[in-house]
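Contents: one structure, followed by commentary.
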Amino acid sequence: MSIRHGLLALLDQGPRYGYQLRTEFEARTGATWPLNVGQVYTTLSRLERDGLVEAAGEDDEGHQFYAVTDAGRAELRNWFDTPVPRTNPPRDELAIKLAMAVTVPGVDVSAVVQGQRRHSIKALQDYTRLKGRALAGESDPGVTPSESNDLAWLLVLDQLIFQTEAEIRWLDHCETRLAQQAELRQARTAEAARDGAAPAKRGRRLRA
């Protein structure tokens with residue numbers, strides 16, 4: 001997740017201070033990726049260091065405002081214009097877990113898959129319920145509703161739903177592969193047993 005570019009996108013609409021940025025970021029993403037104020041100010045400090053934002057004064061309550069610079073706008077436009085690369089996909093903890101599970105003796109891989117599927121199905125139900133609320137125009141307490149924020153939240157929910165559906169399909173596929181592997185292993189064991197029994201039978205016939 002690019003907090004850096006998300007904050008630039010918000011600042012492109014006008015100067016803001018840290019808590020405002022945090023609130024607006026979470027409003028537009030439905031708090032799917034919650035931020036704390038420390039993350040926001042750390043990111044702002046780096047953006048200022050890189051010349052992408054600059055201090056824009058304080059209000060009567062002492063809030064430090066930040067504004068995007070021309071370089072920051074150029075960086076933001078480049079982010080919007082450049083596809084998210086898939087050449088180096090992010091590490092997926094579930095894929096790593098299953099890859100390790102099939103190589104570690106004593107791990108019940110089927111149980112790992114089934115447990116994850118139950119969790120993923122529950123998550124899918126939750127996302128679908130949230131989407132229904134969003135389509136009905138319901139908003140969470142403390143979040144100022146707006147048409148653009150509602151659309152942003154729906155797009156995030158759609159992505160979460162599609163991603164979770166794909167994860168469930170992948171888990172089903174993993175279970176099928178595990179079953180096929182088990183059948184292949186049993187067939188090889190049976191074949192090895194038959195091959196071992198055949199010389200013994202021939203030996204008995206020769207002695208007879």
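Going by the structure tokens order, chains are called A, B, ..., each with residues numbered from 1, while ligands are numbered from 1 in the order shown.
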Problem - Shell of 9 Å around Val40 (chain A), only C-alpha atoms, local chain residues under 3 positions omitted, as a ChimeraX atom specification - result: /A:3-4,7,18-19,21-22,35-37,43-45
Output of the above residues as a CSV table (one decimal), in the first residue's frame, restricted to N, CA and C atoms:
chain,number,residue,atom,x,y,z
A,3,ILE,N,1.1,4.6,1.1
A,3,ILE,CA,0.6,5.7,2.0
A,3,ILE,C,1.1,7.0,1.4
A,4,ARG,N,2.3,7.0,1.0
A,4,ARG,CA,3.0,8.1,0.4
A,4,ARG,C,2.2,8.8,-0.7
A,7,LEU,N,-1.4,10.1,0.5
A,7,LEU,CA,-1.3,11.4,1.2
A,7,LEU,C,-1.1,12.5,0.1
A,18,GLY,N,-2.0,16.6,9.8
A,18,GLY,CA,-1.9,15.2,9.9
A,18,GLY,C,-3.2,14.4,10.3
A,19,TYR,N,-3.9,14.9,11.3
A,19,TYR,CA,-5.1,14.2,11.7
A,19,TYR,C,-6.2,14.2,10.6
A,21,LEU,N,-5.6,14.3,7.4
A,21,LEU,CA,-5.2,13.3,6.3
A,21,LEU,C,-5.5,11.9,6.8
A,22,ARG,N,-5.3,11.6,8.0
A,22,ARG,CA,-5.6,10.3,8.5
A,22,ARG,C,-7.1,10.0,8.4
A,35,LEU,N,-4.6,3.9,9.5
A,35,LEU,CA,-3.4,4.6,9.8
A,35,LEU,C,-3.4,5.2,11.2
A,36,ASN,N,-2.2,5.3,11.7
A,36,ASN,CA,-2.1,6.1,13.0
A,36,ASN,C,-1.4,7.4,12.6
A,37,VAL,N,-1.6,8.4,13.5
A,37,VAL,CA,-1.1,9.7,13.2
A,37,VAL,C,0.4,9.7,13.1
A,43,THR,N,5.5,9.9,7.3
A,43,THR,CA,5.4,10.0,5.8
A,43,THR,C,5.5,11.4,5.3
A,44,LEU,N,4.8,12.3,6.0
A,44,LEU,CA,4.9,13.7,5.7
A,44,LEU,C,6.3,14.3,5.8
A,45,SER,N,7.0,13.8,6.8
A,45,SER,CA,8.4,14.3,7.0
A,45,SER,C,9.3,13.8,5.8
Handout entry: DSSP-assigned strand (DSSP E or B) among region 40-204 of chain A, expressed as a list in words
Key =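 Everything in region 40-204 of chain A that counts as strand (DSSP E or B) is Val53, Glu54, Ala55, Ala56, Gly57, Glu58, Gln64, Phe65, Tyr66, Ala67 and Val68 of chain A.
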Save out the residues we just selected, N, CA, C and O atoms, as a PDB file, in the first residue's frame.
ATOM      1  N   VAL A  53       6.286  17.826  -0.581  1.00  0.00           N
ATOM      2  CA  VAL A  53       5.339  18.658   0.159  1.00  0.00           C
ATOM      3  C   VAL A  53       6.141  19.723   0.893  1.00  0.00           C
ATOM      4  O   VAL A  53       7.368  19.614   1.041  1.00  0.00           O
ATOM      5  N   GLU A  54       5.428  20.745   1.365  1.00  0.00           N
ATOM      6  CA  GLU A  54       6.085  21.800   2.133  1.00  0.00           C
ATOM      7  C   GLU A  54       5.145  22.284   3.229  1.00  0.00           C
ATOM      8  O   GLU A  54       3.917  22.140   3.130  1.00  0.00           O
ATOM      9  N   ALA A  55       5.729  22.812   4.282  1.00  0.00           N
ATOM     10  CA  ALA A  55       4.930  23.372   5.368  1.00  0.00           C
ATOM     11  C   ALA A  55       4.112  24.542   4.848  1.00  0.00           C
ATOM     12  O   ALA A  55       4.583  25.325   4.027  1.00  0.00           O
ATOM     13  N   ALA A  56       2.855  24.629   5.319  1.00  0.00           N
ATOM     14  CA  ALA A  56       1.958  25.680   4.813  1.00  0.00           C
ATOM     15  C   ALA A  56       1.292  26.424   5.962  1.00  0.00           C
ATOM     16  O   ALA A  56       0.123  26.798   5.875  1.00  0.00           O
ATOM     17  N   GLY A  57       2.044  26.637   7.047  1.00  0.00           N
ATOM     18  CA  GLY A  57       1.529  27.422   8.154  1.00  0.00           C
ATOM     19  C   GLY A  57       0.740  26.614   9.159  1.00  0.00           C
ATOM     20  O   GLY A  57       0.569  25.397   9.020  1.00  0.00           O
ATOM     21  N   GLU A  58       0.267  27.308  10.191  1.00  0.00           N
ATOM     22  CA  GLU A  58      -0.488  26.673  11.262  1.00  0.00           C
ATOM     23  C   GLU A  58      -1.817  27.389  11.450  1.00  0.00           C
ATOM     24  O   GLU A  58      -1.973  28.555  11.085  1.00  0.00           O
ATOM     25  N   GLN A  64      -0.100  21.962  12.238  1.00  0.00           N
ATOM     26  CA  GLN A  64       0.808  22.244  11.130  1.00  0.00           C
ATOM     27  C   GLN A  64       0.205  21.747   9.821  1.00  0.00           C
ATOM     28  O   GLN A  64      -0.068  20.550   9.660  1.00  0.00           O
ATOM     29  N   PHE A  65      -0.038  22.641   8.892  1.00  0.00           N
ATOM     30  CA  PHE A  65      -0.583  22.267   7.588  1.00  0.00           C
ATOM     31  C   PHE A  65       0.560  21.975   6.619  1.00  0.00           C
ATOM     32  O   PHE A  65       1.648  22.534   6.716  1.00  0.00           O
ATOM     33  N   TYR A  66       0.248  21.077   5.655  1.00  0.00           N
ATOM     34  CA  TYR A  66       1.198  20.751   4.593  1.00  0.00           C
ATOM     35  C   TYR A  66       0.511  20.942   3.253  1.00  0.00           C
ATOM     36  O   TYR A  66      -0.695  20.700   3.115  1.00  0.00           O
ATOM     37  N   ALA A  67       1.293  21.350   2.260  1.00  0.00           N
ATOM     38  CA  ALA A  67       0.768  21.539   0.899  1.00  0.00           C
ATOM     39  C   ALA A  67       1.666  20.793  -0.079  1.00  0.00           C
ATOM     40  O   ALA A  67       2.876  20.662   0.140  1.00  0.00           O
ATOM     41  N   VAL A  68       1.072  20.298  -1.156  1.00  0.00           N
ATOM     42  CA  VAL A  68       1.846  19.594  -2.164  1.00  0.00           C
ATOM     43  C   VAL A  68       2.619  20.603  -3.011  1.00  0.00           C
ATOM     44  O   VAL A  68       2.146  21.714  -3.274  1.00  0.00           O
TER      45      VAL A  68
END
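Between CA of Glu24 (chain A) and CA of Asn149 (chain A) the separation is 8.9 Å.
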Handout entry: Nearby residues (only C-alpha atoms) at most 10 Å from Ala95 (chain A), same-chain spacing under 3 positions excluded, as a ChimeraX atom specification
Key = /A:91-92,98-101,167,170-171
Generate a file of the selected residues that holds all heavy atoms, formatted as a PDB file, in the first residue's frame.
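Full text of selection24.pdb as output:
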ATOM      1  N   ARG A  91       4.773 -10.232  -0.984  1.00  0.00           N
ATOM      2  CA  ARG A  91       4.773 -11.509  -0.272  1.00  0.00           C
ATOM      3  C   ARG A  91       3.373 -11.796   0.253  1.00  0.00           C
ATOM      4  O   ARG A  91       2.754 -10.957   0.872  1.00  0.00           O
ATOM      5  CB  ARG A  91       5.776 -11.481   0.884  1.00  0.00           C
ATOM      6  CG  ARG A  91       7.224 -11.401   0.438  1.00  0.00           C
ATOM      7  CD  ARG A  91       8.156 -11.478   1.646  1.00  0.00           C
ATOM      8  NE  ARG A  91       9.537 -11.386   1.250  1.00  0.00           N
ATOM      9  CZ  ARG A  91      10.208 -10.253   1.121  1.00  0.00           C
ATOM     10  NH1 ARG A  91       9.595  -9.102   1.370  1.00  0.00           N
ATOM     11  NH2 ARG A  91      11.474 -10.240   0.762  1.00  0.00           N
ATOM     12  N   ASP A  92       2.901 -12.985  -0.006  1.00  0.00           N
ATOM     13  CA  ASP A  92       1.584 -13.411   0.457  1.00  0.00           C
ATOM     14  C   ASP A  92       1.790 -14.418   1.587  1.00  0.00           C
ATOM     15  O   ASP A  92       2.314 -15.510   1.370  1.00  0.00           O
ATOM     16  CB  ASP A  92       0.800 -14.041  -0.700  1.00  0.00           C
ATOM     17  CG  ASP A  92      -0.624 -14.384  -0.309  1.00  0.00           C
ATOM     18  OD1 ASP A  92      -0.799 -15.227   0.594  1.00  0.00           O
ATOM     19  OD2 ASP A  92      -1.553 -13.816  -0.890  1.00  0.00           O
ATOM     20  N   LEU A  98       1.463 -22.178   3.214  1.00  0.00           N
ATOM     21  CA  LEU A  98       1.173 -23.474   2.602  1.00  0.00           C
ATOM     22  C   LEU A  98       2.414 -24.075   1.949  1.00  0.00           C
ATOM     23  O   LEU A  98       2.621 -25.293   1.983  1.00  0.00           O
ATOM     24  CB  LEU A  98       0.046 -23.334   1.586  1.00  0.00           C
ATOM     25  CG  LEU A  98      -1.343 -23.072   2.179  1.00  0.00           C
ATOM     26  CD1 LEU A  98      -2.396 -23.016   1.084  1.00  0.00           C
ATOM     27  CD2 LEU A  98      -1.716 -24.141   3.191  1.00  0.00           C
ATOM     28  N   ALA A  99       3.245 -23.223   1.334  1.00  0.00           N
ATOM     29  CA  ALA A  99       4.483 -23.722   0.730  1.00  0.00           C
ATOM     30  C   ALA A  99       5.378 -24.364   1.794  1.00  0.00           C
ATOM     31  O   ALA A  99       6.023 -25.393   1.554  1.00  0.00           O
ATOM     32  CB  ALA A  99       5.224 -22.581   0.027  1.00  0.00           C
ATOM     33  N   MET A 100       5.420 -23.765   2.987  1.00  0.00           N
ATOM     34  CA  MET A 100       6.205 -24.325   4.079  1.00  0.00           C
ATOM     35  C   MET A 100       5.537 -25.568   4.663  1.00  0.00           C
ATOM     36  O   MET A 100       6.194 -26.551   5.011  1.00  0.00           O
ATOM     37  CB  MET A 100       6.409 -23.280   5.181  1.00  0.00           C
ATOM     38  CG  MET A 100       7.246 -22.071   4.782  1.00  0.00           C
ATOM     39  SD  MET A 100       8.951 -22.507   4.329  1.00  0.00           S
ATOM     40  CE  MET A 100       8.860 -22.287   2.540  1.00  0.00           C
ATOM     41  N   ALA A 101       4.205 -25.524   4.765  1.00  0.00           N
ATOM     42  CA  ALA A 101       3.475 -26.625   5.395  1.00  0.00           C
ATOM     43  C   ALA A 101       3.675 -27.947   4.661  1.00  0.00           C
ATOM     44  O   ALA A 101       3.800 -29.001   5.293  1.00  0.00           O
ATOM     45  CB  ALA A 101       1.988 -26.290   5.468  1.00  0.00           C
ATOM     46  N   GLU A 167      -9.124 -16.232  -3.506  1.00  0.00           N
ATOM     47  CA  GLU A 167      -8.398 -16.994  -2.484  1.00  0.00           C
ATOM     48  C   GLU A 167      -9.121 -18.291  -2.158  1.00  0.00           C
ATOM     49  O   GLU A 167      -8.486 -19.349  -2.028  1.00  0.00           O
ATOM     50  CB  GLU A 167      -8.252 -16.153  -1.223  1.00  0.00           C
ATOM     51  CG  GLU A 167      -7.480 -16.852  -0.115  1.00  0.00           C
ATOM     52  CD  GLU A 167      -7.243 -15.934   1.073  1.00  0.00           C
ATOM     53  OE1 GLU A 167      -6.312 -15.103   1.004  1.00  0.00           O
ATOM     54  OE2 GLU A 167      -7.995 -16.026   2.061  1.00  0.00           O
ATOM     55  N   TRP A 170      -8.580 -20.684  -4.922  1.00  0.00           N
ATOM     56  CA  TRP A 170      -7.215 -21.207  -4.853  1.00  0.00           C
ATOM     57  C   TRP A 170      -7.093 -22.267  -3.764  1.00  0.00           C
ATOM     58  O   TRP A 170      -6.435 -23.292  -3.951  1.00  0.00           O
ATOM     59  CB  TRP A 170      -6.243 -20.054  -4.606  1.00  0.00           C
ATOM     60  CG  TRP A 170      -4.819 -20.493  -4.451  1.00  0.00           C
ATOM     61  CD1 TRP A 170      -4.011 -21.033  -5.405  1.00  0.00           C
ATOM     62  CD2 TRP A 170      -4.033 -20.441  -3.263  1.00  0.00           C
ATOM     63  NE1 TRP A 170      -2.766 -21.316  -4.891  1.00  0.00           N
ATOM     64  CE2 TRP A 170      -2.756 -20.957  -3.573  1.00  0.00           C
ATOM     65  CE3 TRP A 170      -4.286 -19.990  -1.960  1.00  0.00           C
ATOM     66  CZ2 TRP A 170      -1.734 -21.043  -2.628  1.00  0.00           C
ATOM     67  CZ3 TRP A 170      -3.271 -20.076  -1.023  1.00  0.00           C
ATOM     68  CH2 TRP A 170      -2.013 -20.600  -1.351  1.00  0.00           C
ATOM     69  N   LEU A 171      -7.742 -22.051  -2.625  1.00  0.00           N
ATOM     70  CA  LEU A 171      -7.715 -23.036  -1.543  1.00  0.00           C
ATOM     71  C   LEU A 171      -8.383 -24.339  -1.985  1.00  0.00           C
ATOM     72  O   LEU A 171      -7.905 -25.434  -1.658  1.00  0.00           O
ATOM     73  CB  LEU A 171      -8.392 -22.475  -0.297  1.00  0.00           C
ATOM     74  CG  LEU A 171      -7.621 -21.370   0.437  1.00  0.00           C
ATOM     75  CD1 LEU A 171      -8.517 -20.673   1.447  1.00  0.00           C
ATOM     76  CD2 LEU A 171      -6.371 -21.930   1.115  1.00  0.00           C
TER      77      LEU A 171
END
Practice task
Run DSSP on the backbone of this structure and report the residues of region 19-164 of chain A it assigns to alpha helix (DSSP H), as a ChimeraX atom specification.
Solution key: /A:19-29,37-49,70-81,93-101,109-135,147-164
Exercise for the section: Using only C-alpha atoms, determine which residues lie at most 12 Å from Phe80 (chain A), disregarding the query and same-chain residues fewer than 2 positions distant; provide the list as a PyMOL selection string. Expected result: chain A and resi 2+5-6+8-9+73-78+82-84
Exercise for the section: Fewer than 5 positions away in the same chain doesn't count, so skip those; otherwise give me all residues within 8 Å of Ile161 (chain A), counting only C-alpha atoms, as a list in words. Expected result: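 Close residues of Ile161 (chain A): Leu124, Tyr127 and Thr128 of chain A.
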Keeping only C-alpha atoms, write the selected residues to a file as a PDB file, in the first residue's frame.
ATOM      1  CA  LEU A 124     -16.271 -12.781   2.301  1.00  0.00           C
ATOM      2  CA  TYR A 127     -17.343  -7.822   2.957  1.00  0.00           C
ATOM      3  CA  THR A 128     -20.591  -8.665   1.177  1.00  0.00           C
TER       4      THR A 128
END
